[in-house]
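Novice: Below is structure_18.pdb; it holds PDB, C-alpha atoms, pLDDT in the B column.
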ATOM      1  CA  MET A   7    -101.017  67.605 156.801  1.00 64.00           C
ATOM      2  CA  LYS A   8    -103.035  68.771 153.870  1.00 64.00           C
ATOM      3  CA  ALA A   9    -102.142  71.734 151.723  1.00 66.00           C
ATOM      4  CA  THR A  10    -104.404  74.750 152.008  1.00 71.00           C
ATOM      5  CA  GLU A  11    -105.336  76.985 149.122  1.00 67.00           C
ATOM      6  CA  ASN A  12    -104.392  80.656 148.968  1.00 64.00           C
ATOM      7  CA  LYS A  13    -107.708  82.517 148.599  1.00 61.00           C
ATOM      8  CA  THR A  14    -106.324  85.215 146.289  1.00 67.00           C
ATOM      9  CA  THR A  15    -103.899  83.246 144.073  1.00 66.00           C
ATOM     10  CA  GLY A  16    -105.316  79.720 144.320  1.00 66.00           C
ATOM     11  CA  GLU A  17    -101.831  78.293 144.999  1.00 76.00           C
ATOM     12  CA  LYS A  18    -101.437  75.247 147.238  1.00 87.00           C
ATOM     13  CA  MET A  19     -99.817  76.302 150.527  1.00 89.00           C
ATOM     14  CA  HIS A  20     -98.095  74.378 153.339  1.00 93.00           C
ATOM     15  CA  VAL A  21     -96.895  75.452 156.754  1.00 94.00           C
ATOM     16  CA  TYR A  22     -93.208  74.690 157.295  1.00 95.00           C
ATOM     17  CA  GLU A  23     -90.717  75.167 160.063  1.00 96.00           C
ATOM     18  CA  VAL A  24     -86.987  75.425 159.534  1.00 97.00           C
ATOM     19  CA  GLY A  25     -84.541  74.900 162.355  1.00 96.00           C
ATOM     20  CA  TYR A  26     -81.047  76.121 161.554  1.00 97.00           C
ATOM     21  CA  LEU A  27     -77.557  76.360 162.990  1.00 97.00           C
ATOM     22  CA  ILE A  28     -75.504  79.437 162.128  1.00 96.00           C
ATOM     23  CA  MET A  29     -71.714  79.141 162.216  1.00 95.00           C
ATOM     24  CA  PRO A  30     -70.149  80.412 165.454  1.00 94.00           C
ATOM     25  CA  THR A  31     -67.743  82.484 163.351  1.00 92.00           C
ATOM     26  CA  VAL A  32     -70.605  84.886 162.595  1.00 94.00           C
ATOM     27  CA  ALA A  33     -70.350  87.885 164.911  1.00 94.00           C
ATOM     28  CA  GLU A  34     -73.344  88.429 167.200  1.00 93.00           C
ATOM     29  CA  ASP A  35     -73.834  91.835 165.552  1.00 93.00           C
ATOM     30  CA  ASN A  36     -74.334  90.064 162.187  1.00 94.00           C
ATOM     31  CA  LEU A  37     -76.949  87.564 163.383  1.00 96.00           C
ATOM     32  CA  THR A  38     -79.713  90.042 162.578  1.00 96.00           C
ATOM     33  CA  GLN A  39     -78.501  90.123 158.960  1.00 96.00           C
ATOM     34  CA  GLU A  40     -78.580  86.325 158.744  1.00 96.00           C
ATOM     35  CA  VAL A  41     -82.119  86.160 160.139  1.00 96.00           C
ATOM     36  CA  SER A  42     -83.202  88.979 157.796  1.00 97.00           C
ATOM     37  CA  TRP A  43     -81.697  87.100 154.844  1.00 97.00           C
ATOM     38  CA  LEU A  44     -83.790  84.016 155.668  1.00 96.00           C
ATOM     39  CA  ASN A  45     -86.976  86.018 156.319  1.00 96.00           C
ATOM     40  CA  ASP A  46     -86.478  87.959 153.057  1.00 97.00           C
ATOM     41  CA  MET A  47     -85.940  84.658 151.211  1.00 95.00           C
ATOM     42  CA  ILE A  48     -89.270  83.370 152.560  1.00 96.00           C
ATOM     43  CA  THR A  49     -91.265  86.540 151.851  1.00 96.00           C
ATOM     44  CA  SER A  50     -89.747  86.949 148.373  1.00 96.00           C
ATOM     45  CA  HIS A  51     -91.247  83.532 147.511  1.00 94.00           C
ATOM     46  CA  LYS A  52     -94.731  84.668 148.629  1.00 92.00           C
ATOM     47  CA  GLY A  53     -94.304  83.217 152.105  1.00 93.00           C
ATOM     48  CA  GLU A  54     -95.741  84.509 155.362  1.00 94.00           C
ATOM     49  CA  ILE A  55     -93.778  84.340 158.619  1.00 96.00           C
ATOM     50  CA  ILE A  56     -95.943  82.870 161.411  1.00 95.00           C
ATOM     51  CA  SER A  57     -93.479  82.800 164.315  1.00 94.00           C
ATOM     52  CA  GLU A  58     -89.763  82.581 164.974  1.00 95.00           C
ATOM     53  CA  GLU A  59     -87.071  82.445 167.607  1.00 95.00           C
ATOM     54  CA  PHE A  60     -83.923  84.518 167.251  1.00 96.00           C
ATOM     55  CA  PRO A  61     -80.725  82.399 167.195  1.00 97.00           C
ATOM     56  CA  LYS A  62     -78.905  81.789 170.474  1.00 96.00           C
ATOM     57  CA  LEU A  63     -75.420  80.338 170.933  1.00 96.00           C
ATOM     58  CA  ARG A  64     -75.601  76.722 172.077  1.00 96.00           C
ATOM     59  CA  SER A  65     -73.120  73.930 172.659  1.00 96.00           C
ATOM     60  CA  LEU A  66     -73.595  71.084 170.205  1.00 94.00           C
ATOM     61  CA  VAL A  67     -74.133  67.535 171.434  1.00 94.00           C
ATOM     62  CA  TYR A  68     -71.449  66.304 169.039  1.00 94.00           C
ATOM     63  CA  THR A  69     -68.722  67.903 166.942  1.00 93.00           C
ATOM     64  CA  MET A  70     -69.736  68.757 163.389  1.00 93.00           C
ATOM     65  CA  GLU A  71     -67.462  69.461 160.429  1.00 89.00           C
ATOM     66  CA  LYS A  72     -67.874  71.974 157.659  1.00 86.00           C
ATOM     67  CA  VAL A  73     -65.539  72.566 154.737  1.00 83.00           C
ATOM     68  CA  LEU A  74     -64.752  76.254 154.363  1.00 78.00           C
ATOM     69  CA  GLU A  75     -62.106  77.530 151.980  1.00 78.00           C
ATOM     70  CA  SER A  76     -60.992  73.920 151.353  1.00 84.00           C
ATOM     71  CA  LYS A  77     -60.324  73.330 155.065  1.00 86.00           C
ATOM     72  CA  HIS A  78     -62.268  71.068 157.408  1.00 88.00           C
ATOM     73  CA  GLN A  79     -63.417  73.044 160.423  1.00 87.00           C
ATOM     74  CA  LYS A  80     -64.596  71.287 163.572  1.00 93.00           C
ATOM     75  CA  ILE A  81     -67.581  73.005 165.161  1.00 93.00           C
ATOM     76  CA  ASN A  82     -68.591  72.475 168.812  1.00 95.00           C
ATOM     77  CA  GLU A  83     -71.092  75.316 169.181  1.00 96.00           C
ATOM     78  CA  ALA A  84     -73.443  77.236 166.903  1.00 96.00           C
ATOM     79  CA  TYR A  85     -76.323  79.702 166.962  1.00 97.00           C
ATOM     80  CA  PHE A  86     -79.643  77.831 166.889  1.00 97.00           C
ATOM     81  CA  GLY A  87     -82.806  79.516 165.661  1.00 96.00           C
ATOM     82  CA  TRP A  88     -86.042  78.584 163.940  1.00 96.00           C
ATOM     83  CA  VAL A  89     -88.816  80.124 161.888  1.00 96.00           C
ATOM     84  CA  LYS A  90     -92.332  78.849 161.112  1.00 96.00           C
ATOM     85  CA  PHE A  91     -93.867  80.067 157.866  1.00 96.00           C
ATOM     86  CA  GLU A  92     -96.549  79.383 155.272  1.00 95.00           C
ATOM     87  CA  LEU A  93     -95.359  79.086 151.698  1.00 94.00           C
ATOM     88  CA  PRO A  94     -96.541  77.911 148.284  1.00 93.00           C
ATOM     89  CA  VAL A  95     -95.613  74.245 147.899  1.00 92.00           C
ATOM     90  CA  ALA A  96     -93.528  74.923 144.777  1.00 91.00           C
ATOM     91  CA  ALA A  97     -91.359  77.510 146.589  1.00 93.00           C
ATOM     92  CA  ILE A  98     -89.841  75.276 149.263  1.00 94.00           C
ATOM     93  CA  LYS A  99     -87.199  73.803 146.956  1.00 95.00           C
ATOM     94  CA  PRO A 100     -85.436  77.124 146.161  1.00 95.00           C
ATOM     95  CA  ILE A 101     -85.406  78.008 149.854  1.00 95.00           C
ATOM     96  CA  THR A 102     -83.821  74.703 150.874  1.00 95.00           C
ATOM     97  CA  GLN A 103     -81.275  75.053 148.049  1.00 96.00           C
ATOM     98  CA  ALA A 104     -80.379  78.565 149.257  1.00 95.00           C
ATOM     99  CA  LEU A 105     -79.922  77.247 152.802  1.00 96.00           C
ATOM    100  CA  ASP A 106     -77.749  74.394 151.477  1.00 95.00           C
ATOM    101  CA  THR A 107     -75.387  76.789 149.725  1.00 93.00           C
ATOM    102  CA  ARG A 108     -75.243  79.548 152.373  1.00 94.00           C
ATOM    103  CA  PRO A 109     -71.713  79.364 153.885  1.00 92.00           C
ATOM    104  CA  THR A 110     -72.854  80.740 157.256  1.00 94.00           C
ATOM    105  CA  ILE A 111     -75.438  77.963 157.754  1.00 95.00           C
ATOM    106  CA  LEU A 112     -73.884  74.923 159.406  1.00 94.00           C
ATOM    107  CA  ARG A 113     -76.992  72.744 159.141  1.00 95.00           C
ATOM    108  CA  HIS A 114     -80.745  73.090 158.710  1.00 96.00           C
ATOM    109  CA  LEU A 115     -83.869  70.963 158.837  1.00 96.00           C
ATOM    110  CA  VAL A 116     -87.153  71.821 157.131  1.00 95.00           C
ATOM    111  CA  ILE A 117     -90.339  70.079 158.276  1.00 95.00           C
ATOM    112  CA  LYS A 118     -94.019  70.349 157.429  1.00 93.00           C
ATOM    113  CA  THR A 119     -96.069  71.330 160.435  1.00 91.00           C
ATOM    114  CA  VAL A 120     -99.360  72.979 161.406  1.00 89.00           C
ATOM    115  CA  ARG A 121    -100.182  76.657 161.762  1.00 85.00           C
ATOM    116  CA  GLU A 122    -101.382  76.281 165.348  1.00 83.00           C
ATOM    117  CA  ASN A 123     -98.989  76.958 168.169  1.00 75.00           C
ATOM    118  CA  THR A 124     -97.345  73.631 169.008  1.00 64.00           C
ATOM    119  CA  LEU A 125     -95.243  75.042 171.821  1.00 61.00           C
ATOM    120  CA  TYR A 126     -97.656  73.664 174.384  1.00 55.00           C
ATOM    121  CA  GLY A 127     -95.853  70.371 174.377  1.00 54.00           C
ATOM    122  CA  SER A 128     -93.851  68.438 176.910  1.00 56.00           C
ATOM    123  CA  LYS A 129     -91.965  71.413 178.311  1.00 60.00           C
ATOM    124  CA  LEU A 130     -94.950  73.672 178.995  1.00 61.00           C
ATOM    125  CA  ALA A 131     -97.119  70.817 180.214  1.00 63.00           C
ATOM    126  CA  ALA A 132     -94.364  69.742 182.622  1.00 67.00           C
ATOM    127  CA  GLU A 133     -94.047  73.306 183.909  1.00 67.00           C
ATOM    128  CA  ALA A 134     -97.816  73.510 184.436  1.00 63.00           C
ATOM    129  CA  ARG A 135     -97.856  70.216 186.367  1.00 66.00           C
ATOM    130  CA  LYS A 136     -94.861  71.308 188.420  1.00 71.00           C
ATOM    131  CA  ALA A 137     -96.691  74.503 189.367  1.00 69.00           C
ATOM    132  CA  GLU A 138     -99.667  72.356 190.451  1.00 68.00           C
ATOM    133  CA  GLY A 139     -97.386  70.071 192.486  1.00 67.00           C
ATOM    134  CA  GLU A 140     -97.470  67.017 190.197  1.00 55.00           C
ATOM    135  CA  GLU A 141     -94.379  65.157 189.065  1.00 51.00           C
ATOM    136  CA  SER A 142     -93.629  65.591 185.375  1.00 45.00           C
ATOM    137  CA  THR A 143     -93.623  62.583 183.071  1.00 47.00           C
ATOM    138  CA  GLU A 144     -93.260  62.444 179.315  1.00 46.00           C
ATOM    139  CA  GLU A 145     -96.343  60.214 179.024  1.00 48.00           C
ATOM    140  CA  LYS A 146     -98.678  62.876 180.426  1.00 47.00           C
ATOM    141  CA  ALA A 147     -97.535  65.555 177.970  1.00 46.00           C
ATOM    142  CA  PRO A 148     -99.325  65.964 174.641  1.00 48.00           C
ATOM    143  CA  LYS A 149     -97.315  64.903 171.612  1.00 48.00           C
ATOM    144  CA  VAL A 150     -97.167  66.671 168.255  1.00 48.00           C
ATOM    145  CA  GLU A 151     -96.562  64.669 165.115  1.00 49.00           C
ATOM    146  CA  GLU A 152     -94.519  66.317 162.364  1.00 50.00           C
ATOM    147  CA  THR A 153     -93.234  64.979 159.075  1.00 48.00           C
ATOM    148  CA  LEU A 154     -89.972  65.588 157.265  1.00 51.00           C
ATOM    149  CA  VAL A 155     -89.942  67.432 153.961  1.00 54.00           C
ATOM    150  CA  ASN A 156     -88.326  65.562 151.092  1.00 44.00           C
TER     151      ASN A 156
END
Any chance you could give the structure as structure tokens?
Specialist:
Amino acid sequence: MKATENKTTGEKMHVYEVGYLIMPTVAEDNLTQEVSWLNDMITSHKGEIISEEFPKLRSLVYTMEKVLESKHQKINEAYFGWVKFELPVAAIKPITQALDTRPTILRHLVIKTVRENTLYGSKLAAEARKAEGEESTEEKAPKVEETLVN
């Protein structure tokens, strides 16, 4: 995935997506503040939000631990959300550092991706085939290749 150039500033830009888990100790009423914090962090670094999904409480596949106030807490569920955004290449490091140090973020993953909507993947293709009466298989669904950000 090649960097694009911002037409007004000339900066090299990449499209990223961050998936994040918010601690279950955050009240549902405060989730909007957490999402706003992340969106403000992105836009304050000259980023543009492309799309996002508001966090929803989910059971985790395995128990995670986080040290809070010098105590190990075992976490079995968290709020999962994601946001896709375009950002100058040099600005991704401060955003990942802010996510690393945010006590309400259990875990996050930042990847480089493409601007186009990649939601038409296995799930939507399977639903379309099901509606047409075909059996769904992973092999028939289009695959999207994404790379991890270092």
Novice: Step by step, work through what the PyMOL selection byres ((chain A and resi 55-65) around 10) selects in the shown file, and finish by giving those residues as a ChimeraX atom specification.
Specialist: /A:21-30,34,37-38,40-41,45-46,48-49,53-54,66-69,81-93,121-123
Novice: Provide the CA of Leu44 (chain A) to CA of Val32 (chain A) distance in Å, to one decimal place.
Specialist: 14.9 Å
Novice: Just how far from CA of Asp106 (chain A) is CA of Glu17 (chain A), in Å to one decimal?
Specialist: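 Separation between CA of Glu17 (chain A) and CA of Asp106 (chain A): 25.2 Å.
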Novice: For a test of reading the model, state the distance in Å between CA of Ser50 (chain A) and CA of Thr102 (chain A), rounded to one decimal.
Specialist: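 Computing it gives 13.8 Å between the two atoms.
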Novice: Find, counting all atoms listed in the file, the residue in A:Val120, A:His114, A:Ala97, A:Pro109 that gets nearest to His51 (chain A).
Specialist: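 Smallest distance to His51 (chain A) is found for A:Ala97.
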Novice: Written as a list in words, which residues does the PyMOL selection byres ((chain A and resi 74) around 12) give for the file shown?
Specialist: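 Expected selection for the PyMOL selection byres ((chain A and resi 74) around 12) here is Met29, Thr31, Glu71, Lys72, Val73, Glu75, Ser76, Lys77, His78, Gln79, Lys80, Ile81, Thr107, Arg108, Pro109, Thr110, Ile111 and Leu112 of chain A.
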Novice: My list of candidates is A:Lys136, A:Ile101, A:Ile117, A:Pro94. Which is closest to Thr10 (chain A) when distances are computed with all atoms listed in the file?
Specialist: A:Pro94
